[in-house]
>>> print(open('run28.pdb').read())   # PDB, C-alpha atoms
ATOM      1  CA  MET A   1     -37.596   4.844-130.052
ATOM      2  CA  SER A   2     -35.804   7.333-127.780
ATOM      3  CA  LEU A   3     -35.728  11.111-127.568
ATOM      4  CA  LYS A   4     -32.229  10.995-129.042
ATOM      5  CA  ALA A   5     -33.469   9.161-132.134
ATOM      6  CA  ILE A   6     -36.338  11.641-132.666
ATOM      7  CA  ALA A   7     -33.947  14.565-132.165
ATOM      8  CA  LYS A   8     -31.480  13.120-134.685
ATOM      9  CA  ASP A   9     -34.199  12.500-137.296
ATOM     10  CA  LEU A  10     -35.538  16.065-136.973
ATOM     11  CA  GLY A  11     -32.175  17.796-136.630
ATOM     12  CA  LEU A  12     -33.076  19.155-133.190
ATOM     13  CA  SER A  13     -31.472  18.966-129.781
ATOM     14  CA  VAL A  14     -32.701  16.431-127.257
ATOM     15  CA  THR A  15     -33.585  19.342-124.954
ATOM     16  CA  THR A  16     -35.789  20.945-127.614
ATOM     17  CA  VAL A  17     -37.562  17.649-128.303
ATOM     18  CA  SER A  18     -38.138  17.070-124.596
ATOM     19  CA  ARG A  19     -39.476  20.577-124.027
ATOM     20  CA  ALA A  20     -41.702  20.314-127.105
ATOM     21  CA  LEU A  21     -43.277  17.084-125.846
ATOM     22  CA  ASN A  22     -43.802  18.646-122.418
ATOM     23  CA  GLY A  23     -45.591  21.694-123.825
ATOM     24  CA  TYR A  24     -43.129  24.425-122.889
ATOM     25  CA  ASP A  25     -43.983  27.859-124.281
ATOM     26  CA  ASP A  26     -40.427  28.597-125.391
ATOM     27  CA  VAL A  27     -40.832  26.041-128.188
ATOM     28  CA  SER A  28     -42.705  27.237-131.270
ATOM     29  CA  ALA A  29     -46.042  25.710-132.216
ATOM     30  CA  ASP A  30     -44.577  24.485-135.505
ATOM     31  CA  THR A  31     -41.727  22.693-133.740
ATOM     32  CA  LYS A  32     -44.108  21.169-131.212
ATOM     33  CA  ALA A  33     -46.274  19.854-134.048
ATOM     34  CA  ARG A  34     -43.255  18.365-135.868
ATOM     35  CA  VAL A  35     -41.967  16.682-132.725
ATOM     36  CA  GLN A  36     -45.368  15.327-131.732
ATOM     37  CA  ALA A  37     -45.981  13.991-135.249
ATOM     38  CA  ALA A  38     -42.596  12.229-135.205
ATOM     39  CA  ALA A  39     -43.277  10.790-131.761
ATOM     40  CA  ASP A  40     -46.716   9.558-132.822
ATOM     41  CA  LEU A  41     -45.346   8.046-136.036
ATOM     42  CA  ARG A  42     -42.713   6.106-134.120
ATOM     43  CA  GLY A  43     -44.993   5.119-131.273
ATOM     44  CA  TYR A  44     -42.851   6.955-128.739
ATOM     45  CA  ARG A  45     -44.103   6.877-125.153
ATOM     46  CA  PRO A  46     -42.209   8.750-122.431
ATOM     47  CA  ASN A  47     -40.945   6.927-119.376
ATOM     48  CA  THR A  48     -43.434   8.413-116.939
ATOM     49  CA  LEU A  49     -41.553   7.396-113.798
ATOM     50  CA  ALA A  50     -38.256   8.763-115.109
ATOM     51  CA  ARG A  51     -39.976  11.986-116.124
ATOM     52  CA  ARG A  52     -41.473  12.419-112.689
ATOM     53  CA  LEU A  53     -38.167  11.772-110.945
ATOM     54  CA  LYS A  54     -36.305  14.159-113.225
ATOM     55  CA  MET A  55     -38.832  16.976-113.095
ATOM     56  CA  GLY A  56     -40.038  16.461-109.524
ATOM     57  CA  LYS A  57     -43.645  16.336-110.737
ATOM     58  CA  ILE A  58     -46.566  14.060-109.915
ATOM     59  CA  ASP A  59     -48.504  14.570-113.165
ATOM     60  CA  ALA A  60     -51.778  15.098-111.294
ATOM     61  CA  VAL A  61     -53.892  18.153-110.500
ATOM     62  CA  GLY A  62     -56.726  18.351-107.976
ATOM     63  CA  LEU A  63     -60.034  20.121-108.582
ATOM     64  CA  ILE A  64     -61.667  21.239-105.317
ATOM     65  CA  PHE A  65     -65.413  21.850-105.482
ATOM     66  CA  PRO A  66     -68.120  22.218-102.789
ATOM     67  CA  PHE A  67     -69.374  19.059-101.129
ATOM     68  CA  THR A  68     -72.977  19.344-102.311
ATOM     69  CA  SER A  69     -74.962  17.684-105.057
ATOM     70  CA  HIS A  70     -75.458  20.917-106.963
ATOM     71  CA  PRO A  71     -72.157  21.165-108.902
ATOM     72  CA  LEU A  72     -72.513  17.586-110.127
ATOM     73  CA  SER A  73     -76.049  18.215-111.380
ATOM     74  CA  ASN A  74     -75.006  21.397-113.193
ATOM     75  CA  SER A  75     -74.434  20.419-116.815
ATOM     76  CA  ALA A  76     -72.270  23.487-117.511
ATOM     77  CA  PHE A  77     -69.903  22.571-114.665
ATOM     78  CA  ILE A  78     -69.696  18.915-115.678
ATOM     79  CA  GLU A  79     -69.022  19.792-119.312
ATOM     80  CA  MET A  80     -66.250  22.169-118.249
ATOM     81  CA  VAL A  81     -64.664  19.496-116.030
ATOM     82  CA  GLY A  82     -64.749  17.029-118.907
ATOM     83  CA  CYS A  83     -63.027  19.456-121.246
ATOM     84  CA  ILE A  84     -60.339  20.347-118.691
ATOM     85  CA  THR A  85     -59.713  16.629-118.124
ATOM     86  CA  ARG A  86     -59.352  15.990-121.845
ATOM     87  CA  GLU A  87     -56.955  18.901-122.360
ATOM     88  CA  LEU A  88     -54.760  17.994-119.377
ATOM     89  CA  ALA A  89     -54.629  14.393-120.602
ATOM     90  CA  LYS A  90     -52.776  15.644-123.679
ATOM     91  CA  TYR A  91     -49.925  16.510-121.298
ATOM     92  CA  GLU A  92     -50.397  13.181-119.480
ATOM     93  CA  ILE A  93     -51.750  15.041-116.455
ATOM     94  CA  ASP A  94     -54.576  13.427-114.451
ATOM     95  CA  LEU A  95     -57.379  15.525-112.966
ATOM     96  CA  LEU A  96     -58.542  14.379-109.528
ATOM     97  CA  LEU A  97     -61.986  15.507-108.333
ATOM     98  CA  VAL A  98     -61.825  16.563-104.689
ATOM     99  CA  PRO A  99     -65.250  17.268-103.137
ATOM    100  CA  ASP A 100     -64.752  19.414-100.055
ATOM    101  CA  GLU A 101     -67.127  20.385 -97.306
ATOM    102  CA  LEU A 102     -66.360  24.014 -96.520
ATOM    103  CA  GLY A 103     -64.059  24.328 -93.525
ATOM    104  CA  THR A 104     -62.858  20.706 -93.451
ATOM    105  CA  PHE A 105     -59.868  21.167 -95.799
ATOM    106  CA  SER A 106     -60.159  17.511 -96.800
ATOM    107  CA  TRP A 107     -57.843  18.118 -99.747
ATOM    108  CA  ARG A 108     -54.854  18.907 -97.525
ATOM    109  CA  ARG A 109     -53.843  15.248 -97.394
ATOM    110  CA  LEU A 110     -53.260  15.287-101.169
ATOM    111  CA  ILE A 111     -50.825  18.152-100.728
ATOM    112  CA  GLU A 112     -49.118  16.767 -97.644
ATOM    113  CA  SER A 113     -48.682  13.343 -99.249
ATOM    114  CA  LYS A 114     -47.405  15.017-102.452
ATOM    115  CA  ARG A 115     -50.000  13.468-104.733
ATOM    116  CA  VAL A 116     -50.764  16.593-106.787
ATOM    117  CA  ASP A 117     -48.699  19.285-108.509
ATOM    118  CA  ALA A 118     -51.330  22.013-108.247
ATOM    119  CA  MET A 119     -54.923  22.682-107.244
ATOM    120  CA  LEU A 120     -57.849  24.140-109.162
ATOM    121  CA  VAL A 121     -60.389  25.725-106.809
ATOM    122  CA  ALA A 122     -63.931  25.927-108.166
ATOM    123  CA  HIS A 123     -66.876  28.009-106.936
ATOM    124  CA  THR A 124     -64.707  30.490-105.062
ATOM    125  CA  LEU A 125     -66.089  32.646-102.255
ATOM    126  CA  ASP A 126     -65.552  36.360-101.657
ATOM    127  CA  ASN A 127     -63.744  35.390 -98.464
ATOM    128  CA  ASP A 128     -62.407  31.948 -99.338
ATOM    129  CA  PRO A 129     -60.456  30.072 -96.620
ATOM    130  CA  ARG A 130     -59.291  27.481 -99.161
ATOM    131  CA  LEU A 131     -57.430  30.098-101.176
ATOM    132  CA  LEU A 132     -55.953  31.660 -98.047
ATOM    133  CA  ASP A 133     -54.700  28.268 -96.873
ATOM    134  CA  LEU A 134     -53.164  27.408-100.238
ATOM    135  CA  GLN A 135     -51.460  30.780-100.494
ATOM    136  CA  GLN A 136     -50.057  30.493 -96.970
ATOM    137  CA  ARG A 137     -48.672  27.078 -97.886
ATOM    138  CA  ASN A 138     -47.136  28.574-101.043
ATOM    139  CA  PHE A 139     -48.780  25.756-102.997
ATOM    140  CA  PRO A 140     -49.617  26.354-106.684
ATOM    141  CA  PHE A 141     -53.317  26.937-107.280
ATOM    142  CA  LEU A 142     -55.600  28.374-109.942
ATOM    143  CA  ALA A 143     -58.805  29.938-108.637
ATOM    144  CA  LEU A 144     -61.787  29.437-110.929
ATOM    145  CA  GLY A 145     -63.289  32.757-109.928
ATOM    146  CA  ARG A 146     -61.843  35.839-108.241
ATOM    147  CA  SER A 147     -61.852  36.330-104.497
ATOM    148  CA  GLY A 148     -61.486  39.536-102.522
ATOM    149  CA  CYS A 149     -59.678  37.981 -99.559
ATOM    150  CA  LEU A 150     -56.168  37.676-101.022
ATOM    151  CA  THR A 151     -53.721  40.555-100.820
ATOM    152  CA  GLN A 152     -50.947  38.904-102.846
ATOM    153  CA  ASP A 153     -51.002  37.995-106.520
ATOM    154  CA  TYR A 154     -52.586  34.671-107.391
ATOM    155  CA  ALA A 155     -53.583  32.826-110.556
ATOM    156  CA  TRP A 156     -57.241  33.071-111.490
ATOM    157  CA  PHE A 157     -59.609  32.441-114.365
ATOM    158  CA  ASP A 158     -63.018  34.079-114.264
ATOM    159  CA  PHE A 159     -65.972  35.080-116.379
ATOM    160  CA  ASP A 160     -67.137  38.680-116.344
ATOM    161  CA  ASN A 161     -70.326  37.703-114.559
ATOM    162  CA  ARG A 162     -71.397  41.247-113.715
ATOM    163  CA  ALA A 163     -71.110  42.363-117.328
ATOM    164  CA  GLY A 164     -72.961  39.280-118.554
ATOM    165  CA  MET A 165     -75.997  39.850-116.363
ATOM    166  CA  GLN A 166     -76.091  43.569-117.154
ATOM    167  CA  MET A 167     -75.986  42.597-120.829
ATOM    168  CA  ALA A 168     -79.135  40.519-120.294
ATOM    169  CA  VAL A 169     -80.974  43.375-118.550
ATOM    170  CA  ASP A 170     -79.829  45.896-121.180
ATOM    171  CA  HIS A 171     -81.163  43.637-123.927
ATOM    172  CA  LEU A 172     -84.559  43.279-122.265
ATOM    173  CA  ALA A 173     -84.781  47.019-121.540
ATOM    174  CA  ALA A 174     -84.034  47.747-125.203
ATOM    175  CA  LEU A 175     -86.990  45.520-126.111
ATOM    176  CA  GLY A 176     -89.227  47.635-123.867
ATOM    177  CA  HIS A 177     -89.373  45.584-120.657
ATOM    178  CA  GLN A 178     -89.724  47.444-117.365
ATOM    179  CA  ARG A 179     -90.691  44.606-115.014
ATOM    180  CA  ILE A 180     -87.684  42.278-114.995
ATOM    181  CA  ALA A 181     -87.401  39.528-112.374
ATOM    182  CA  PHE A 182     -84.167  37.905-111.160
ATOM    183  CA  LEU A 183     -83.658  34.280-110.119
ATOM    184  CA  GLY A 184     -80.291  33.814-108.449
ATOM    185  CA  GLU A 185     -78.538  31.259-106.284
ATOM    186  CA  ASN A 186     -78.637  31.599-102.515
ATOM    187  CA  ASN A 187     -75.045  31.136-101.355
ATOM    188  CA  GLN A 188     -71.849  33.166-100.975
ATOM    189  CA  GLN A 189     -69.974  32.103-104.097
ATOM    190  CA  SER A 190     -68.293  35.043-105.806
ATOM    191  CA  PHE A 191     -69.963  34.696-109.195
ATOM    192  CA  ILE A 192     -73.442  34.839-107.641
ATOM    193  CA  GLY A 193     -72.835  38.242-106.084
ATOM    194  CA  GLN A 194     -71.264  39.474-109.313
ATOM    195  CA  ARG A 195     -74.275  38.432-111.381
ATOM    196  CA  PHE A 196     -76.730  39.996-108.950
ATOM    197  CA  GLN A 197     -74.725  43.224-109.072
ATOM    198  CA  GLY A 198     -74.968  43.112-112.866
ATOM    199  CA  TYR A 199     -78.751  42.843-112.558
ATOM    200  CA  LEU A 200     -78.869  45.868-110.246
ATOM    201  CA  ASP A 201     -76.508  47.832-112.497
ATOM    202  CA  GLY A 202     -78.677  47.016-115.501
ATOM    203  CA  LEU A 203     -81.798  48.304-113.771
ATOM    204  CA  CYS A 204     -79.978  51.482-112.721
ATOM    205  CA  GLU A 205     -78.450  52.154-116.139
ATOM    206  CA  ASN A 206     -81.851  51.813-117.795
ATOM    207  CA  ALA A 207     -83.736  53.767-115.100
ATOM    208  CA  LEU A 208     -85.883  50.751-114.270
ATOM    209  CA  PRO A 209     -87.509  50.185-110.857
ATOM    210  CA  HIS A 210     -86.077  47.662-108.409
ATOM    211  CA  ASN A 211     -89.030  45.663-107.129
ATOM    212  CA  PRO A 212     -88.075  43.305-104.240
ATOM    213  CA  ASP A 213     -90.997  41.053-105.194
ATOM    214  CA  TYR A 214     -89.164  40.263-108.431
ATOM    215  CA  VAL A 215     -85.895  39.194-106.753
ATOM    216  CA  HIS A 216     -85.580  35.592-105.563
ATOM    217  CA  LYS A 217     -82.425  33.923-104.280
ATOM    218  CA  ILE A 218     -83.094  30.206-104.386
ATOM    219  CA  SER A 219     -81.317  26.865-104.398
ATOM    220  CA  PRO A 220     -79.810  26.005-107.794
ATOM    221  CA  SER A 221     -82.356  23.320-108.652
ATOM    222  CA  ARG A 222     -84.918  22.819-111.363
ATOM    223  CA  ARG A 223     -87.692  22.444-108.790
ATOM    224  CA  ALA A 224     -86.839  25.782-107.141
ATOM    225  CA  GLY A 225     -86.782  27.542-110.509
ATOM    226  CA  TYR A 226     -90.091  25.966-111.499
ATOM    227  CA  GLN A 227     -91.916  26.805-108.261
ATOM    228  CA  THR A 228     -90.508  30.339-108.022
ATOM    229  CA  THR A 229     -91.555  31.119-111.584
ATOM    230  CA  GLN A 230     -95.055  29.901-110.843
ATOM    231  CA  ALA A 231     -95.131  32.257-107.832
ATOM    232  CA  LEU A 232     -93.959  35.172-109.999
ATOM    233  CA  LEU A 233     -96.695  34.493-112.534
ATOM    234  CA  ALA A 234     -99.282  34.543-109.737
ATOM    235  CA  LEU A 235     -98.378  38.084-108.624
ATOM    236  CA  PRO A 236    -101.033  40.791-109.187
ATOM    237  CA  LEU A 237     -98.529  42.496-111.507
ATOM    238  CA  PRO A 238     -96.243  39.720-112.776
ATOM    239  CA  PRO A 239     -92.915  40.432-114.462
ATOM    240  CA  THR A 240     -92.748  40.594-118.235
ATOM    241  CA  ALA A 241     -89.230  39.141-118.263
ATOM    242  CA  ILE A 242     -87.050  36.869-116.111
ATOM    243  CA  VAL A 243     -83.267  36.521-115.978
ATOM    244  CA  CYS A 244     -81.690  33.436-114.371
ATOM    245  CA  ASP A 245     -78.123  33.223-113.098
ATOM    246  CA  CYS A 246     -77.745  29.454-113.594
ATOM    247  CA  ASN A 247     -79.123  26.925-116.026
ATOM    248  CA  MET A 248     -80.578  24.598-113.409
ATOM    249  CA  HIS A 249     -83.257  26.907-112.088
ATOM    250  CA  GLY A 250     -83.325  28.423-115.578
ATOM    251  CA  GLU A 251     -84.605  25.090-116.857
ATOM    252  CA  GLY A 252     -87.246  25.052-114.113
ATOM    253  CA  ALA A 253     -88.310  28.569-115.102
ATOM    254  CA  ALA A 254     -88.512  27.562-118.759
ATOM    255  CA  LEU A 255     -90.707  24.579-117.902
ATOM    256  CA  ALA A 256     -93.107  26.702-115.819
ATOM    257  CA  LEU A 257     -93.407  29.263-118.630
ATOM    258  CA  HIS A 258     -93.830  26.487-121.199
ATOM    259  CA  GLU A 259     -96.686  24.912-119.243
ATOM    260  CA  ALA A 260     -98.347  28.309-118.912
ATOM    261  CA  GLY A 261     -98.039  28.926-122.658
ATOM    262  CA  LEU A 262     -95.795  31.941-121.989
ATOM    263  CA  LEU A 263     -92.348  30.793-123.138
ATOM    264  CA  LEU A 264     -92.451  31.911-126.750
ATOM    265  CA  SER A 265     -93.365  35.179-128.501
ATOM    266  CA  GLY A 266     -96.126  37.080-126.762
ATOM    267  CA  GLY A 267     -95.361  35.550-123.368
ATOM    268  CA  VAL A 268     -92.760  36.267-120.685
ATOM    269  CA  SER A 269     -89.205  36.827-121.933
ATOM    270  CA  LEU A 270     -86.496  34.597-120.481
ATOM    271  CA  ILE A 271     -82.697  34.871-120.529
ATOM    272  CA  ILE A 272     -80.543  32.192-118.868
ATOM    273  CA  PHE A 273     -76.839  32.219-118.023
ATOM    274  CA  ASP A 274     -75.294  29.248-119.890
ATOM    275  CA  GLY A 275     -78.602  28.505-121.651
ATOM    276  CA  LEU A 276     -80.585  25.293-121.315
ATOM    277  CA  PRO A 277     -79.005  21.821-121.020
ATOM    278  CA  CYS A 278     -79.053  19.876-124.271
ATOM    279  CA  ASP A 279     -81.617  17.434-122.832
ATOM    280  CA  SER A 280     -83.960  20.081-121.428
ATOM    281  CA  VAL A 281     -87.679  19.257-121.550
ATOM    282  CA  PRO A 282     -88.581  22.588-123.241
ATOM    283  CA  ASP A 283     -86.889  22.168-126.619
ATOM    284  CA  VAL A 284     -86.465  25.809-127.615
ATOM    285  CA  ALA A 285     -83.637  28.106-128.648
ATOM    286  CA  VAL A 286     -83.463  30.012-125.377
ATOM    287  CA  THR A 287     -81.866  33.448-125.316
ATOM    288  CA  ALA A 288     -78.683  32.979-123.296
ATOM    289  CA  ILE A 289     -75.573  34.597-121.912
ATOM    290  CA  ARG A 290     -72.820  32.358-123.234
ATOM    291  CA  GLN A 291     -69.331  32.198-121.763
ATOM    292  CA  GLY A 292     -67.555  30.600-124.693
ATOM    293  CA  THR A 293     -67.605  26.953-125.690
ATOM    294  CA  ARG A 294     -66.687  24.425-123.013
ATOM    295  CA  GLU A 295     -63.877  23.265-125.297
ATOM    296  CA  ALA A 296     -62.379  26.768-125.424
ATOM    297  CA  VAL A 297     -62.751  27.241-121.672
ATOM    298  CA  GLY A 298     -61.235  23.823-120.964
ATOM    299  CA  LEU A 299     -58.272  24.611-123.209
ATOM    300  CA  GLN A 300     -57.750  27.983-121.504
ATOM    301  CA  ILE A 301     -57.801  26.508-118.001
ATOM    302  CA  ALA A 302     -55.560  23.574-118.955
ATOM    303  CA  THR A 303     -53.053  25.931-120.587
ATOM    304  CA  MET A 304     -53.007  28.129-117.479
ATOM    305  CA  THR A 305     -52.597  25.059-115.267
ATOM    306  CA  MET A 306     -49.553  23.907-117.211
ATOM    307  CA  ALA A 307     -48.067  27.400-116.979
ATOM    308  CA  LEU A 308     -48.729  27.373-113.228
ATOM    309  CA  ILE A 309     -46.911  24.052-112.839
ATOM    310  CA  ARG A 310     -43.972  25.556-114.753
ATOM    311  CA  ASN A 311     -43.857  28.394-112.190
ATOM    312  CA  GLU A 312     -44.637  31.172-114.651
ATOM    313  CA  PRO A 313     -45.323  34.618-113.092
ATOM    314  CA  LEU A 314     -48.735  34.751-111.430
ATOM    315  CA  LYS A 315     -49.483  38.161-112.936
ATOM    316  CA  ASN A 316     -49.474  36.454-116.342
ATOM    317  CA  LEU A 317     -52.068  33.936-115.164
ATOM    318  CA  GLN A 318     -55.085  36.167-114.640
ATOM    319  CA  VAL A 319     -57.777  35.907-117.313
ATOM    320  CA  LEU A 320     -61.192  37.587-117.399
ATOM    321  CA  TRP A 321     -63.362  35.872-120.024
ATOM    322  CA  GLN A 322     -65.946  38.069-121.749
ATOM    323  CA  PRO A 323     -69.493  36.704-122.194
ATOM    324  CA  GLU A 324     -71.731  37.128-125.216
ATOM    325  CA  LEU A 325     -75.491  37.286-125.666
ATOM    326  CA  GLN A 326     -76.803  34.484-127.859
ATOM    327  CA  ALA A 327     -80.077  35.458-129.459
ATOM    328  CA  GLY A 328     -82.969  33.025-129.179
ATOM    329  CA  VAL A 329     -86.739  32.949-129.369
ATOM    330  CA  THR A 330     -87.371  33.568-125.657
ATOM    331  CA  ALA A 331     -86.579  37.304-125.532
ATOM    332  CA  HIS A 332     -89.089  39.553-127.265
ATOM    333  CA  PRO A 333     -90.966  42.821-126.674
ATOM    334  CA  PRO A 334     -93.536  42.713-123.848
ATOM    335  CA  ARG A 335     -97.100  42.172-124.906
TER     336      ARG A 335
END
>>> encode(input="run28.pdb", output="structure tokens")
Amino acid sequence: MSLKAIAKDLGLSVTTVSRALNGYDDVSADTKARVQAAADLRGYRPNTLARRLKMGKIDAVGLIFPFTSHPLSNSAFIEMVGCITRELAKYEIDLLLVPDELGTFSWRRLIESKRVDAMLVAHTLDNDPRLLDLQQRNFPFLALGRSGCLTQDYAWFDFDNRAGMQMAVDHLAALGHQRIAFLGENNQQSFIGQRFQGYLDGLCENALPHNPDYVHKISPSRRAGYQTTQALLALPLPPTAIVCDCNMHGEGAALALHEAGLLLSGGVSLIIFDGLPCDSVPDVAVTAIRQGTREAVGLQIATMTMALIRNEPLKNLQVLWQPELQAGVTAHPPR
């Protein structure tokens, strides 16, 4: 079954059928659905090699992430990668994971050997040399997080991290909390600074004191979250609430509170960005700042990636995703 046969059966041009199967935005959703249904019914499979030669595309995208164990042990990150992979596969695009030790630019060989059509750059920094290098090369990239180092337009997808953390502090302040601790990561990634700023803004907006003893910037691990929470509980005047900027040390904090009998009502309130992993030891409905379902995020990033490959204007590829507070049993008035 050829494109010509599908086009003839549907009364469409071959060009329209081809563009529909390749996901172009100038083809209506209804037409895309009709064409895809006809292709599926007839068992049509595109000639991948011919498509690549004609379009000058590789049908592969690289995802650059820091060369540490932390991203791969972060369930939220892994779930997002899985959803992006699944969505890109619908366009017959492969996602290549490219671990990169900062400053080594190990991913350059993929560009120079023309093995990818575009790059996704995860865990961006405020001053990110990877983004600068890609922009200087004029190579298509989508930054998963904004960076302050670029003076020209670039494609980015980001969560409103500052607003999300302030939302958590506002919620706790409304419940009557005045001693709110912060557990944050200890590196220079953009989202970490944004979330810490949201914590500070929340304290300021609610006229709450900023106690340095309540602020801990730690490695994003369960052990660090567990041990730091134990140290907070041992203070002469411990916090009545804790906010965590990632779910790994958030799980450690939840476990420490659970063991101390302080996780549920009447104990210490806890709010975690991204919530607890589904296999967390404390099996509770934690109060969380949610950033949309991983499926929705994966679809958004995949759609933007396809638009980037099609050379759509970069100003149209800048999305700030708004978080929401998901009520749970771990945020309550102080005792």
>>> atom_distance(input="run28.pdb", atom1="atom CA of A:Gly43", atom2="atom CA of A:Val27")
21.6 Å
>>> residues_around(input="run28.pdb", residues="stretch 98-112 of chain A", least_positions_apart="6", cutoff="6 Å", atoms="all atoms listed in the file", output="list in words")
Leu63, Ile64, Phe65, Pro66 and Phe67 of chain A
>>> resolve_selection(input="run28.pdb", expression="the PyMOL selection byres ((chain A and resi 9-17) around 9)", output="list in words")
Leu3, Lys4, Ala5, Ile6, Ala7, Lys8, Ser18, Arg19, Ala20, Leu21, Asn22, Val27, Thr31, Lys32, Arg34, Val35, Gln36 and Ala38 of chain A
>>> closest_atom_pairs(input="run28.pdb", of="stretch 96-167 of chain A", to="stretch 263-281 of chain A", cutoff="12 Å", atoms="only C-alpha atoms", output="Markdown table")
| residue | atom | partner | partner_atom | distance |
| --- | --- | --- | --- | --- |
| A:Phe159 | CA | A:Phe273 | CA | 11.4 |
| A:Asp160 | CA | A:Phe273 | CA | 11.8 |
| A:Asn161 | CA | A:Phe273 | CA | 9.2 |
| A:Arg162 | CA | A:Phe273 | CA | 11.4 |
| A:Ala163 | CA | A:Phe273 | CA | 11.7 |
| A:Gly164 | CA | A:Phe273 | CA | 8.1 |
| A:Met165 | CA | A:Phe273 | CA | 7.9 |
| A:Gln166 | CA | A:Phe273 | CA | 11.4 |
| A:Met167 | CA | A:Ile271 | CA | 10.2 |
>>> atom_distance(input="run28.pdb", atom1="atom CA of A:Gln318", atom2="atom CA of A:Tyr154")
7.8 Å
>>> atom_distance(input="run28.pdb", atom1="atom CA of A:Lys315", atom2="atom CA of A:Ile84")
21.6 Å
>>> resolve_selection(input="run28.pdb", expression="the PyMOL selection byres ((chain A and resi 258) around 10)", output="JSON, numbers by chain")
{"A": [252, 253, 254, 255, 256, 257, 259, 260, 261, 262, 263, 264, 267, 268, 281, 282, 283, 284]}
>>> closest_residue(input="run28.pdb", among="A:His216, A:His123, A:His249, A:Arg223", to="A:Gln189", atoms="all atoms listed in the file")
A:His123
>>> residues_near_point(input="run28.pdb", point="(-66.2, 30.9, -119.4)", cutoff="7 Å", atoms="all atoms listed in the file", output="list in words")
Asp158, Phe159, Gln291, Gly292, Val297 and Trp321 of chain A
>>> resolve_selection(input="run28.pdb", expression="the PyMOL selection byres ((chain A and resi 299) around 10)", output="ChimeraX atom specification")
/A:80,83-88,293-298,300-305
>>> write_last_selection(input="run28.pdb", atoms="C-alpha atoms", output="tab-separated table (two decimals), in the frame of the given file")
chain	number	residue	atom	x	y	z
A	80	MET	CA	-66.25	22.17	-118.25
A	83	CYS	CA	-63.03	19.46	-121.25
A	84	ILE	CA	-60.34	20.35	-118.69
A	85	THR	CA	-59.71	16.63	-118.12
A	86	ARG	CA	-59.35	15.99	-121.84
A	87	GLU	CA	-56.96	18.90	-122.36
A	88	LEU	CA	-54.76	17.99	-119.38
A	293	THR	CA	-67.60	26.95	-125.69
A	294	ARG	CA	-66.69	24.42	-123.01
A	295	GLU	CA	-63.88	23.26	-125.30
A	296	ALA	CA	-62.38	26.77	-125.42
A	297	VAL	CA	-62.75	27.24	-121.67
A	298	GLY	CA	-61.24	23.82	-120.96
A	300	GLN	CA	-57.75	27.98	-121.50
A	301	ILE	CA	-57.80	26.51	-118.00
A	302	ALA	CA	-55.56	23.57	-118.96
A	303	THR	CA	-53.05	25.93	-120.59
A	304	MET	CA	-53.01	28.13	-117.48
A	305	THR	CA	-52.60	25.06	-115.27
>>> closest_residue(input="run28.pdb", among="A:Asn311, A:Gln322, A:Gln197, A:Thr330", to="A:Asp117", atoms="only C-alpha atoms")
A:Asn311
>>> closest_residue(input="run28.pdb", among="A:Ala307, A:Ala118, A:Leu97, A:Leu233", to="A:Asn138", atoms="only C-alpha atoms")
A:Ala118
>>> closest_residue(input="run28.pdb", among="A:Tyr214, A:Glu205, A:Tyr199, A:Ile309", to="A:Tyr91", atoms="all atoms listed in the file")
A:Ile309
>>> residues_around(input="run28.pdb", residues="stretch 149-153 of chain A", least_positions_apart="5", cutoff="9 Å", atoms="only C-alpha atoms", output="PyMOL selection string")
chain A and resi 125-129+131-132+135+314-315
>>> closest_residue(input="run28.pdb", among="A:Asn206, A:Leu183, A:Pro212, A:Leu144", to="A:Gln227", atoms="all atoms listed in the file")
A:Leu183
>>> closest_residue(input="run28.pdb", among="A:Asp133, A:Gly148, A:Ala155, A:Gly184", to="A:Leu120", atoms="only C-alpha atoms")
A:Ala155
>>> residues_around(input="run28.pdb", residues="A:Ala181", least_positions_apart="3", cutoff="6 Å", atoms="all atoms listed in the file", output="number ranges by chain")
A: 214-215, 239, 242
>>> write_last_selection(input="run28.pdb", atoms="C-alpha atoms", output="mmCIF file, keeping the file's coordinate frame")
data_model
loop_
_atom_site.group_PDB
_atom_site.id
_atom_site.type_symbol
_atom_site.label_atom_id
_atom_site.label_comp_id
_atom_site.auth_asym_id
_atom_site.auth_seq_id
_atom_site.Cartn_x
_atom_site.Cartn_y
_atom_site.Cartn_z
ATOM 1 C CA TYR A 214 -89.164 40.263 -108.431
ATOM 2 C CA VAL A 215 -85.895 39.194 -106.753
ATOM 3 C CA PRO A 239 -92.915 40.432 -114.462
ATOM 4 C CA ILE A 242 -87.050 36.869 -116.111
#
